[in-house]
$ cat run_37.cif   # mmCIF, C-alpha atoms
data_upload
#
loop_
_atom_site.label_atom_id
_atom_site.label_comp_id
_atom_site.auth_asym_id
_atom_site.auth_seq_id
_atom_site.Cartn_x
_atom_site.Cartn_y
_atom_site.Cartn_z
CA MET A 1 35.18 144.03 92.78
CA ALA A 2 37.81 143.69 95.44
CA GLN A 3 40.99 145.35 96.51
CA ASN A 4 41.71 143.59 99.82
CA TYR A 5 44.77 141.91 98.48
CA ASN A 6 47.33 140.59 100.94
CA ILE A 7 50.81 140.23 99.59
CA GLU A 8 51.99 138.23 102.63
CA CYS A 9 49.19 135.72 102.54
CA PHE A 10 51.41 132.98 103.87
CA ASP A 11 53.79 132.91 106.80
CA SER A 12 55.56 129.62 107.33
CA THR A 13 56.55 130.47 110.89
CA ALA A 14 53.64 132.30 112.42
CA GLY A 15 50.82 131.81 110.00
CA GLU A 16 47.53 130.14 110.73
CA GLY A 17 46.30 127.90 107.94
CA ILE A 18 42.64 128.84 108.05
CA ILE A 19 43.35 132.55 108.09
CA GLU A 20 45.84 132.25 105.29
CA LEU A 21 43.42 130.33 103.13
CA GLN A 22 40.95 133.15 103.57
CA LEU A 23 43.60 135.64 102.55
CA MET A 24 44.26 133.59 99.46
CA GLU A 25 40.57 133.56 98.63
CA ASN A 26 40.54 137.32 98.95
CA ASN A 27 43.53 137.53 96.67
CA PHE A 28 41.82 135.39 94.06
CA GLU A 29 38.87 137.77 94.04
CA CYS A 30 41.14 140.78 93.66
CA LEU A 31 42.86 139.19 90.72
CA ARG A 32 39.60 138.02 89.18
CA THR A 33 38.16 141.53 89.25
CA VAL A 34 41.45 143.23 88.36
CA PHE A 35 41.47 145.21 91.63
CA SER A 36 38.33 146.96 90.50
CA GLY A 37 37.45 149.98 92.58
CA THR A 38 36.69 153.68 92.53
CA THR A 39 40.06 154.49 94.07
CA GLU A 40 43.42 152.95 93.49
CA PRO A 41 44.46 149.85 95.46
CA SER A 42 46.30 150.58 98.66
CA GLU A 43 49.21 148.48 97.50
CA SER A 44 50.52 148.45 93.97
CA GLY A 45 53.61 147.55 92.00
CA ALA A 46 54.84 147.76 88.45
CA GLY A 47 52.65 145.68 86.16
CA GLN A 48 49.66 145.60 88.48
CA LEU A 49 46.29 146.21 86.91
CA TRP A 50 43.46 148.28 88.31
CA PHE A 51 40.06 148.70 86.75
CA ASP A 52 39.16 152.23 87.74
CA ASN A 53 35.38 152.42 87.80
CA GLY A 54 35.16 155.81 89.37
CA THR A 55 32.63 158.27 88.03
CA GLY A 56 33.27 158.93 84.35
CA LYS A 57 36.24 156.59 84.26
CA GLU A 58 35.61 152.90 83.59
CA LEU A 59 39.17 152.50 82.47
CA LEU A 60 41.65 149.70 82.88
CA LYS A 61 44.97 150.99 84.17
CA ILE A 62 48.35 149.50 84.74
CA ARG A 63 51.05 150.55 87.14
CA ASP A 64 54.07 151.60 85.14
CA TYR A 65 57.77 151.34 85.89
CA ASN A 66 57.64 154.71 87.59
CA ASN A 67 54.73 153.82 89.85
CA ASP A 68 52.28 155.94 87.91
CA TRP A 69 49.00 154.68 86.55
CA ILE A 70 48.70 154.71 82.78
CA GLY A 71 45.59 153.86 80.82
CA ILE A 72 45.16 150.80 78.65
CA MET A 73 43.31 151.59 75.46
CA THR A 74 39.99 149.90 75.07
CA GLY A 75 37.45 150.12 72.32
CA ASP A 76 34.52 148.55 70.57
CA ILE A 77 33.35 148.19 66.99
CA THR A 78 32.29 151.84 66.90
CA HIS A 79 35.68 153.06 68.08
CA LYS A 80 37.60 153.28 64.81
CA ILE A 81 41.15 154.53 64.61
CA TRP A 82 43.58 155.13 61.75
CA VAL A 83 46.56 152.81 61.39
CA TYR A 84 49.58 153.08 59.09
CA SER A 85 49.26 149.56 57.70
CA ASN A 86 47.58 147.71 54.86
CA SER A 87 46.15 144.85 56.86
CA ALA A 88 44.44 144.35 60.17
CA GLY A 89 46.32 142.73 63.00
CA ASP A 90 44.84 139.96 65.08
CA GLY A 91 41.79 141.22 66.89
CA TRP A 92 41.19 144.10 64.48
CA ILE A 93 38.85 144.46 61.51
CA ILE A 94 39.24 146.81 58.56
CA SER A 95 36.30 149.14 58.05
CA THR A 96 35.93 149.57 54.29
CA SER A 97 33.09 152.06 54.51
CA VAL A 98 35.46 155.01 54.44
CA THR A 99 37.80 155.31 51.47
CA ASP A 100 39.79 157.79 49.41
CA CYS A 101 39.89 160.75 51.72
CA VAL A 102 42.16 162.47 54.18
CA VAL A 103 41.59 162.56 57.90
CA SER A 104 40.39 165.67 59.67
CA ILE A 105 39.28 166.86 63.04
CA LYS A 106 35.74 168.15 63.30
CA GLY A 107 34.95 171.75 64.02
CA GLY A 108 35.13 175.17 62.46
CA SER A 109 32.45 176.78 60.36
CA TYR A 110 32.64 174.90 57.10
CA ASP A 111 32.47 171.35 55.80
CA TYR A 112 34.14 169.84 58.85
CA ASN A 113 31.53 171.33 61.14
CA LYS A 114 29.52 168.16 61.55
CA SER A 115 29.29 165.18 63.82
CA GLY A 116 32.36 163.02 63.95
CA GLY A 117 32.09 159.70 62.18
CA GLN A 118 30.97 161.25 58.90
CA SER A 119 32.67 162.52 55.78
CA GLY A 120 32.93 166.18 54.93
CA GLY A 121 34.50 168.32 52.25
CA VAL A 122 35.06 167.73 48.56
CA TRP A 123 38.03 167.07 46.33
CA THR A 124 37.05 169.71 43.81
CA GLN A 125 38.47 173.05 44.71
CA PRO A 126 36.05 175.94 44.57
CA LEU A 127 35.74 177.77 41.30
CA HIS A 128 37.54 181.02 41.06
CA PRO A 129 36.90 183.34 38.14
CA LEU A 130 39.91 185.40 37.23
CA THR A 131 39.41 189.09 37.36
CA GLN A 132 40.97 191.27 34.71
CA ASP A 133 43.56 192.36 37.23
CA GLU A 134 44.54 188.74 37.82
CA ILE A 135 45.38 188.18 34.15
CA PRO A 136 49.09 188.57 33.59
CA ALA A 137 50.14 191.47 31.46
CA HIS A 138 50.30 190.30 27.87
CA VAL A 139 49.99 191.45 24.32
CA HIS A 140 47.97 189.98 21.56
CA ASP A 141 49.63 188.92 18.39
CA SER A 142 49.18 190.92 15.28
CA ALA A 143 46.07 190.05 13.39
CA GLY A 144 48.20 190.26 10.29
CA ALA A 145 47.86 192.67 7.49
CA HIS A 146 44.32 193.81 7.19
CA THR A 147 42.40 196.68 5.78
CA HIS A 148 40.19 199.22 7.34
CA TYR A 149 37.92 200.31 4.57
CA LEU A 150 36.81 203.79 4.07
CA PRO A 151 33.78 204.76 2.07
CA THR A 152 34.20 203.88 -1.56
CA ILE A 153 32.24 206.84 -2.64
CA GLN A 154 34.00 210.05 -3.22
CA PRO A 155 34.13 211.87 0.06
CA PRO A 156 32.90 215.35 0.50
CA TYR A 157 35.04 218.19 -0.56
CA SER A 158 36.16 218.79 3.02
CA MET A 159 38.08 215.47 3.06
CA TYR A 160 40.07 216.23 -0.04
CA ILE A 161 43.81 216.34 0.25
CA TRP A 162 45.26 218.88 -1.98
CA TYR A 163 48.65 218.49 -3.52
CA VAL A 164 50.88 219.84 -6.16
CA ARG A 165 53.00 217.42 -8.20
CA ALA A 166 55.09 218.00 -11.24
CA GLY A 167 53.74 221.50 -11.54
CA SER A 168 50.16 220.45 -11.61
CA PHE A 169 47.55 220.98 -8.91
CA GLY A 170 45.31 218.15 -7.81
CA TYR A 171 43.53 216.43 -5.02
CA THR A 172 42.89 212.94 -3.64
CA TRP A 173 41.18 211.31 -0.62
CA PRO A 174 41.96 208.56 1.91
CA ILE A 175 41.62 205.05 0.64
CA GLY A 176 42.50 202.99 3.75
CA TYR A 177 45.20 201.51 5.91
CA ALA A 178 46.62 198.03 5.73
CA GLY A 179 49.26 197.95 8.48
CA ALA A 180 49.71 194.97 10.81
CA HIS A 181 49.71 195.94 14.48
CA ALA A 182 49.19 194.68 18.03
CA HIS A 183 46.80 195.70 20.74
CA PRO A 184 47.93 196.77 24.17
CA SER A 185 47.84 194.59 27.27
CA ALA A 186 44.70 194.38 29.39
CA GLY A 187 45.80 192.44 32.50
CA GLY A 188 47.13 193.81 35.73
CA GLY A 189 49.29 190.87 36.78
CA LEU A 190 47.84 190.66 40.28
CA GLU A 191 48.02 187.48 42.36
CA HIS A 192 45.04 185.22 42.84
CA ASN A 193 44.25 182.11 44.84
CA HIS A 194 41.77 179.29 44.50
CA GLY A 195 39.05 180.22 46.88
CA SER A 196 38.79 181.55 50.36
CA SER A 197 39.50 179.79 53.61
CA THR A 198 36.22 177.89 53.30
CA TYR A 199 37.77 175.20 51.11
CA ARG A 200 38.40 171.81 52.76
CA PRO A 201 39.71 168.69 51.09
CA LEU A 202 37.48 165.64 51.25
CA ALA A 203 37.99 164.06 54.64
CA ALA A 204 36.68 161.50 57.09
CA VAL A 205 35.77 163.71 59.98
CA GLY A 206 36.63 162.50 63.44
CA ILE A 207 37.49 163.81 66.86
CA MET A 208 40.61 164.04 68.95
CA ILE A 209 40.23 161.93 72.07
CA ASN A 210 42.44 160.70 74.84
CA LEU A 211 42.19 158.41 77.78
CA ASN A 212 40.45 159.95 80.75
CA ILE A 213 42.90 159.00 83.46
CA MET B 214 57.30 142.45 90.49
CA ALA B 215 57.83 138.73 90.34
CA GLN B 216 58.21 135.97 87.80
CA ASN B 217 58.79 132.94 90.05
CA TYR B 218 55.49 131.39 89.14
CA ASN B 219 55.01 127.71 89.86
CA ILE B 220 52.64 126.02 87.46
CA ASN B 221 52.08 122.99 89.69
CA PRO B 222 52.14 124.28 93.27
CA TYR B 223 50.07 121.51 94.73
CA GLU B 224 50.84 117.84 94.96
CA THR B 225 49.38 115.39 97.43
CA SER B 226 52.89 114.32 98.23
CA ASN B 227 54.09 117.87 98.88
CA ALA B 228 54.44 119.40 102.27
CA LEU B 229 51.60 121.83 102.88
CA LEU B 230 53.90 124.62 103.91
CA SER B 231 55.84 124.29 100.69
CA ASP B 232 52.70 124.49 98.61
CA MET B 233 51.42 127.46 100.51
CA GLN B 234 54.63 129.37 99.78
CA LYS B 235 54.27 128.58 96.10
CA TYR B 236 50.74 129.91 96.18
CA GLU B 237 51.96 133.14 97.67
CA ASP B 238 54.65 133.41 95.02
CA ASN B 239 52.11 132.79 92.30
CA PHE B 240 49.84 135.46 93.67
CA GLU B 241 52.60 137.99 93.44
CA CYS B 242 53.38 136.98 89.87
CA LEU B 243 49.75 137.40 88.90
CA ARG B 244 49.38 140.67 90.76
CA THR B 245 52.34 142.23 88.96
CA LEU B 246 51.62 140.57 85.59
CA PHE B 247 54.95 138.78 85.61
CA ALA B 248 56.71 142.14 85.56
CA GLY B 249 60.36 141.89 84.71
CA ALA B 250 63.11 143.11 82.43
CA SER B 251 62.99 139.93 80.37
CA GLU B 252 60.22 137.55 79.54
CA PRO B 253 59.17 134.99 82.16
CA SER B 254 61.20 131.81 82.04
CA ILE B 255 58.26 129.55 82.75
CA SER B 256 56.39 127.98 79.88
CA LYS B 257 54.25 130.56 78.19
CA VAL B 258 50.67 130.18 77.04
CA ALA B 259 48.35 132.21 74.84
CA GLY B 260 46.83 135.08 76.76
CA MET B 261 49.52 135.20 79.41
CA PRO B 262 50.48 138.76 80.38
CA TRP B 263 53.95 140.19 80.91
CA TYR B 264 54.75 143.72 81.95
CA ASP B 265 58.08 144.34 80.25
CA THR B 266 59.93 146.80 82.48
CA THR B 267 62.61 147.27 79.83
CA ASP B 268 60.22 148.40 77.10
CA ARG B 269 57.84 149.74 79.74
CA LEU B 270 55.00 148.03 77.95
CA LEU B 271 52.35 145.50 78.85
CA LYS B 272 52.50 142.53 76.52
CA ILE B 273 50.25 139.58 76.05
CA ARG B 274 51.06 136.23 74.48
CA ASN B 275 49.48 135.84 71.05
CA SER B 276 47.03 133.12 70.08
CA VAL B 277 49.61 130.77 68.57
CA ASN B 278 51.97 131.34 71.47
CA ASP B 279 54.94 132.35 69.38
CA ASP B 280 55.17 136.05 70.09
CA TRP B 281 54.18 138.89 72.36
CA LEU B 282 51.59 141.49 71.38
CA GLY B 283 51.81 144.99 72.75
CA VAL B 284 48.84 146.36 74.65
CA MET B 285 48.14 149.97 73.78
CA HIS B 286 48.37 152.33 76.65
CA GLY B 287 48.39 156.08 76.99
CA ASN B 288 47.90 159.12 79.11
CA THR B 289 46.41 162.57 78.69
CA GLU B 290 49.29 163.66 76.45
CA MET B 291 49.00 160.82 73.95
CA LYS B 292 46.11 161.84 71.74
CA ILE B 293 44.86 159.75 68.87
CA TRP B 294 42.25 160.29 66.19
CA ILE B 295 38.98 158.37 66.35
CA PHE B 296 36.32 158.15 63.64
CA LYS B 297 33.47 158.82 65.99
CA ASN B 298 31.61 161.77 67.46
CA VAL B 299 31.55 160.84 71.13
CA ALA B 300 34.09 159.47 73.55
CA ASN B 301 33.80 155.99 74.96
CA TYR B 302 34.04 155.49 78.70
CA GLY B 303 37.57 156.10 79.77
CA TRP B 304 38.22 158.60 76.99
CA THR B 305 37.94 162.37 76.85
CA ILE B 306 37.50 164.61 73.82
CA ASP B 307 40.06 167.35 73.33
CA ASP B 308 38.12 170.00 71.45
CA SER B 309 40.96 172.50 71.45
CA VAL B 310 42.01 171.15 68.07
CA ALA B 311 39.36 171.56 65.40
CA ASP B 312 38.77 172.00 61.69
CA VAL B 313 42.11 170.66 60.52
CA VAL B 314 43.37 167.61 58.69
CA LEU B 315 46.07 165.38 60.09
CA ALA B 316 49.57 165.36 58.73
CA PHE B 317 52.88 163.69 59.26
CA LYS B 318 55.57 166.00 60.45
CA GLY B 319 58.54 166.80 58.27
CA ASN B 320 62.08 167.47 59.22
CA ASP B 321 62.19 170.00 62.03
CA SER B 322 65.49 171.42 60.91
CA THR B 323 64.60 172.30 57.34
CA GLY B 324 61.57 174.47 57.82
CA VAL B 325 60.92 174.34 54.08
CA THR B 326 57.25 173.57 54.51
CA ALA B 327 54.84 174.28 57.29
CA TYR B 328 54.96 170.67 58.45
CA ASP B 329 58.67 170.88 59.19
CA THR B 330 57.91 171.63 62.79
CA THR B 331 57.45 170.09 66.19
CA GLY B 332 54.72 167.48 66.47
CA GLY B 333 51.76 168.29 68.64
CA GLY B 334 51.12 171.72 67.15
CA ILE B 335 49.09 173.35 64.41
CA ALA B 336 50.78 174.27 61.15
CA GLY B 337 49.80 175.19 57.61
CA THR B 338 46.99 177.34 56.32
CA TRP B 339 43.75 176.87 54.48
CA THR B 340 44.50 179.59 51.96
CA GLN B 341 46.51 178.32 49.06
CA PRO B 342 49.54 180.36 48.10
CA ASP B 343 49.04 183.05 45.52
CA HIS B 344 50.25 182.29 42.05
CA ILE B 345 50.82 184.73 39.24
CA LEU B 346 49.80 183.33 35.88
CA THR B 347 52.29 183.61 33.10
CA GLU B 348 51.14 184.60 29.63
CA ALA B 349 51.52 180.98 28.48
CA GLN B 350 49.06 179.85 31.16
CA ILE B 351 46.25 181.98 29.84
CA PRO B 352 43.78 179.91 27.85
CA ALA B 353 43.63 180.67 24.18
CA HIS B 354 41.10 183.41 23.66
CA THR B 355 40.20 186.28 21.41
CA HIS B 356 39.45 189.78 22.36
CA GLY B 357 36.14 191.24 21.37
CA SER B 358 35.71 194.12 19.08
CA ALA B 359 37.64 197.13 20.16
CA GLY B 360 34.68 199.18 19.02
CA ALA B 361 34.91 202.18 16.84
CA HIS B 362 38.39 203.64 16.99
CA THR B 363 40.78 205.48 14.77
CA HIS B 364 43.96 204.52 12.98
CA PRO B 365 46.37 206.86 11.21
CA PHE B 366 46.31 206.27 7.47
CA TYR B 367 48.20 206.80 4.31
CA VAL B 368 46.95 208.42 1.24
CA SER B 369 47.63 207.41 -2.29
CA LEU B 370 47.94 209.96 -4.91
CA GLY B 371 46.19 209.29 -8.07
CA GLY B 372 47.90 209.02 -11.40
CA PRO B 373 49.84 206.29 -13.13
CA ALA B 374 52.81 206.29 -10.79
CA GLY B 375 50.70 205.62 -7.69
CA VAL B 376 53.10 207.44 -5.40
CA SER B 377 52.21 206.95 -1.73
CA MET B 378 52.87 209.36 1.04
CA ASP B 379 51.59 209.87 4.52
CA ALA B 380 50.29 212.95 6.20
CA SER B 381 53.61 213.84 7.82
CA PHE B 382 55.24 213.67 4.47
CA LEU B 383 52.73 216.11 3.21
CA VAL B 384 53.35 218.42 6.11
CA ASN B 385 57.06 218.26 5.66
CA ASN B 386 56.64 219.09 2.05
CA TRP B 387 54.46 222.15 2.62
CA TRP B 388 51.54 220.76 0.79
CA ASN B 389 48.19 221.44 2.06
CA THR B 390 47.31 218.72 4.56
CA TYR B 391 44.02 219.82 5.89
CA ASN B 392 40.96 217.68 5.62
CA TYR B 393 42.59 214.24 6.01
CA ALA B 394 40.70 211.84 8.25
CA SER B 395 41.13 208.53 10.06
CA SER B 396 39.37 205.20 9.74
CA GLY B 397 37.08 203.85 12.41
CA GLY B 398 36.63 200.14 11.70
CA ALA B 399 35.79 197.69 14.53
CA HIS B 400 37.78 194.45 14.53
CA THR B 401 39.11 191.57 16.73
CA HIS B 402 42.59 190.29 17.40
CA THR B 403 43.84 186.73 17.86
CA GLY B 404 44.46 185.33 21.35
CA GLY B 405 47.77 185.31 23.18
CA GLY B 406 47.51 182.28 25.54
CA SER B 407 48.60 178.69 24.95
CA ASP B 408 46.45 176.63 27.36
CA GLU B 409 49.45 175.49 29.38
CA ALA B 410 48.89 173.93 32.79
CA HIS B 411 49.96 175.67 35.93
CA ASP B 412 50.12 174.68 39.57
CA HIS B 413 50.33 176.41 42.86
CA GLY B 414 53.74 175.25 43.96
CA ASN B 415 54.73 172.23 46.03
CA THR B 416 55.26 173.93 49.35
CA TYR B 417 51.57 174.31 50.05
CA ARG B 418 50.13 172.15 52.83
CA PRO B 419 46.54 172.22 53.97
CA TYR B 420 45.90 173.33 57.49
CA ALA B 421 46.62 170.35 59.71
CA SER B 422 47.14 169.07 63.19
CA VAL B 423 50.71 167.86 63.08
CA GLY B 424 51.73 164.72 64.93
CA THR B 425 54.16 161.86 64.68
CA LEU B 426 53.74 158.28 63.54
CA GLN B 427 54.34 156.09 66.55
CA PHE B 428 53.98 152.42 67.31
CA LEU B 429 54.33 150.15 70.26
CA ASN B 430 57.89 149.17 70.95
CA VAL B 431 57.20 145.44 71.29
#

$ encode --input "run_37.cif" --output "structure tokens"
Amino acid sequence: MAQNYNIECFDSTAGEGIIELQLMENNFECLRTVFSGTTEPSESGAGQLWFDNGTGKELLKIRDYNNDWIGIMTGDITHKIWVYSNSAGDGWIISTSVTDCVVSIKGGSYDYNKSGGQSGGVWTQPLHPLTQDEIPAHVHDSAGAHTHYLPTIQPPYSMYIWYVRAGSFGYTWPIGYAGAHAHPSAGGGLEHNHGSSTYRPLAAVGIMINLNI
Amino acid sequence: MAQNYNINPYETSNALLSDMQKYEDNFECLRTLFAGASEPSISKVAGMPWYDTTDRLLKIRNSVNDDWLGVMHGNTEMKIWIFKNVANYGWTIDDSVADVVLAFKGNDSTGVTAYDTTGGGIAGTWTQPDHILTEAQIPAHTHGSAGAHTHPFYVSLGGPAGVSMDASFLVNNWWNTYNYASSGGAHTHTGGGSDEAHDHGNTYRPYASVGTLQFLNV
């Protein structure tokens, strides 16, 4: 690693050949190692690279138009990212091990609470039994004409119905009822949902990361 | 920034001073990755870099030397999703965003759904919206026996004519109405639902970390 770059490595009027050749050698080493160092090069310009190998860094940076250092994204075969495309560009490989799921960020207390790089969640929403109150108010259709039978035997004297018709006195007793009718509503019409906040759609669980500049 | 690279700076017939100046020029081109507002005019080769100061993007010549590829760069504000549990060297995990799925943002101005918002924030909810079932969405079902219960009834007078009258008729006609009773038969009724499908609306979005779809401006 080297950062002793000399921009004015040649001076046609006052330069000394041997010294200038040494400066050029130094420059070659700076370029070969991409100005590697734990601190930024003392001289920099737009487009210049610097491999920052400071503690916890190890990041290639480039000097931007505004003379700020920005990170250049690096990765390896374990560093998988999501791309809005159907094919891999040059230098990339599609990982087919993860399919048919959404993307999530790990964390929380439920199915996404696992190490990144795994799948979590399910597509099937949790079961939710309706309570009586969650049934909408409704009526049941008439069961049609039907008969409620009473005892076929002659009832006791206390159930007689006495009447007078056409001048005569008599009695009878109930024989039944055949009226069609409906039953009242049972539901309360309350709202319901499909499970609590523990539900998560099936997802490839990952992490949110950024360059450590 | 410089692009005045000389591919053949040395010739035995050249003056040394001239060659040395070309070397210095080349060094500056290499140091600044041929930075310039337009691509270098010299012949290009696969792997050659160019820092495009117009697009503000480092580019590298592709393998067949017919186009420039963008080199991904970023800073602490440009966060991407990685299918991994640890950060590589040079990366840092932002654990302030957790337990969400990712979504594409909608139109900020409409606000119809939760994702119609500014990228870089959290929107949506894990709880699906409530939905009141209609009667047609109840599955077909029967009700169990209502148990013993009473119904008002009619009576039928005996005799050839078979004249029917109910209890109120008897009351209104002064006849003795005591001792009439009601039936108590248990029975079931037919169902009221029709097995129709229902959904929970189309404005629901799962809880998500909302961002934008971006690409390199090559």

$ closest_residue --input "run_37.cif" --among "A:Asn26, A:Thr33, A:Ser197, A:Thr13" --to "Asp111 (chain A)" --atoms "only C-alpha atoms"
A:Ser197

$ atom_distance --input "run_37.cif" --atom1 "CA of Gly107 (chain A)" --atom2 "CA of Thr289 (chain B)"
20.8 Å

$ residues_near_point --input "run_37.cif" --point "(42.4, 184.6, 46.2)" --cutoff "12 Å" --atoms "all atoms listed in the file" --output "ChimeraX atom specification"
/A:126-131,133-134,190-199 /B:339-345,413

$ atom_distance --input "run_37.cif" --atom1 "CA of His411 (chain B)" --atom2 "CA of Ala143 (chain A)"
27.0 Å

$ resolve_selection --input "run_37.cif" --expression "the PyMOL selection byres ((chain A and resi 34) around 7)" --output "PyMOL selection string"
chain A and resi 30-33+35-36+49-51

$ residues_around --input "run_37.cif" --residues "Ala259 (chain B)" --least-positions-apart "4" --cutoff "8 Å" --atoms "only C-alpha atoms" --output "MDAnalysis selection string"
chainID B and resid 273:278

$ write_last_selection --input "run_37.cif" --atoms "C-alpha atoms" --output "JSON list (two decimals), in the coordinates of the input"
[["chain", "number", "residue", "atom", "x", "y", "z"],
["B", 273, "ILE", "CA", 50.25, 139.58, 76.05],
["B", 274, "ARG", "CA", 51.06, 136.23, 74.48],
["B", 275, "ASN", "CA", 49.48, 135.84, 71.05],
["B", 276, "SER", "CA", 47.03, 133.12, 70.08],
["B", 277, "VAL", "CA", 49.61, 130.77, 68.57],
["B", 278, "ASN", "CA", 51.97, 131.34, 71.47]]

$ resolve_selection --input "run_37.cif" --expression "the PyMOL selection byres ((chain A and resi 27) around 8)" --output "tab-separated table (two decimals) with C-alpha atoms, in the coordinates of the input"
chain	number	residue	atom	x	y	z
A	4	ASN	CA	41.71	143.59	99.82
A	5	TYR	CA	44.77	141.91	98.48
A	6	ASN	CA	47.33	140.59	100.94
A	23	LEU	CA	43.60	135.64	102.55
A	24	MET	CA	44.26	133.59	99.46
A	25	GLU	CA	40.57	133.56	98.63
A	26	ASN	CA	40.54	137.32	98.95
A	28	PHE	CA	41.82	135.39	94.06
A	29	GLU	CA	38.87	137.77	94.04
A	30	CYS	CA	41.14	140.78	93.66
A	31	LEU	CA	42.86	139.19	90.72
B	240	PHE	CA	49.84	135.46	93.67

$ resolve_selection --input "run_37.cif" --expression "the PyMOL selection byres ((chain B and resi 317-322) around 10)" --output "list in words"
Leu315, Ala316, Thr323, Gly324, Val325, Thr326, Ala327, Tyr328, Asp329, Thr330, Thr331, Gly332, Gly333, Gly334, Ala336, Ala421, Ser422, Val423, Gly424, Thr425 and Leu426 of chain B

$ atom_distance --input "run_37.cif" --atom1 "CA of Glu43 (chain A)" --atom2 "CA of Tyr264 (chain B)"
17.2 Å
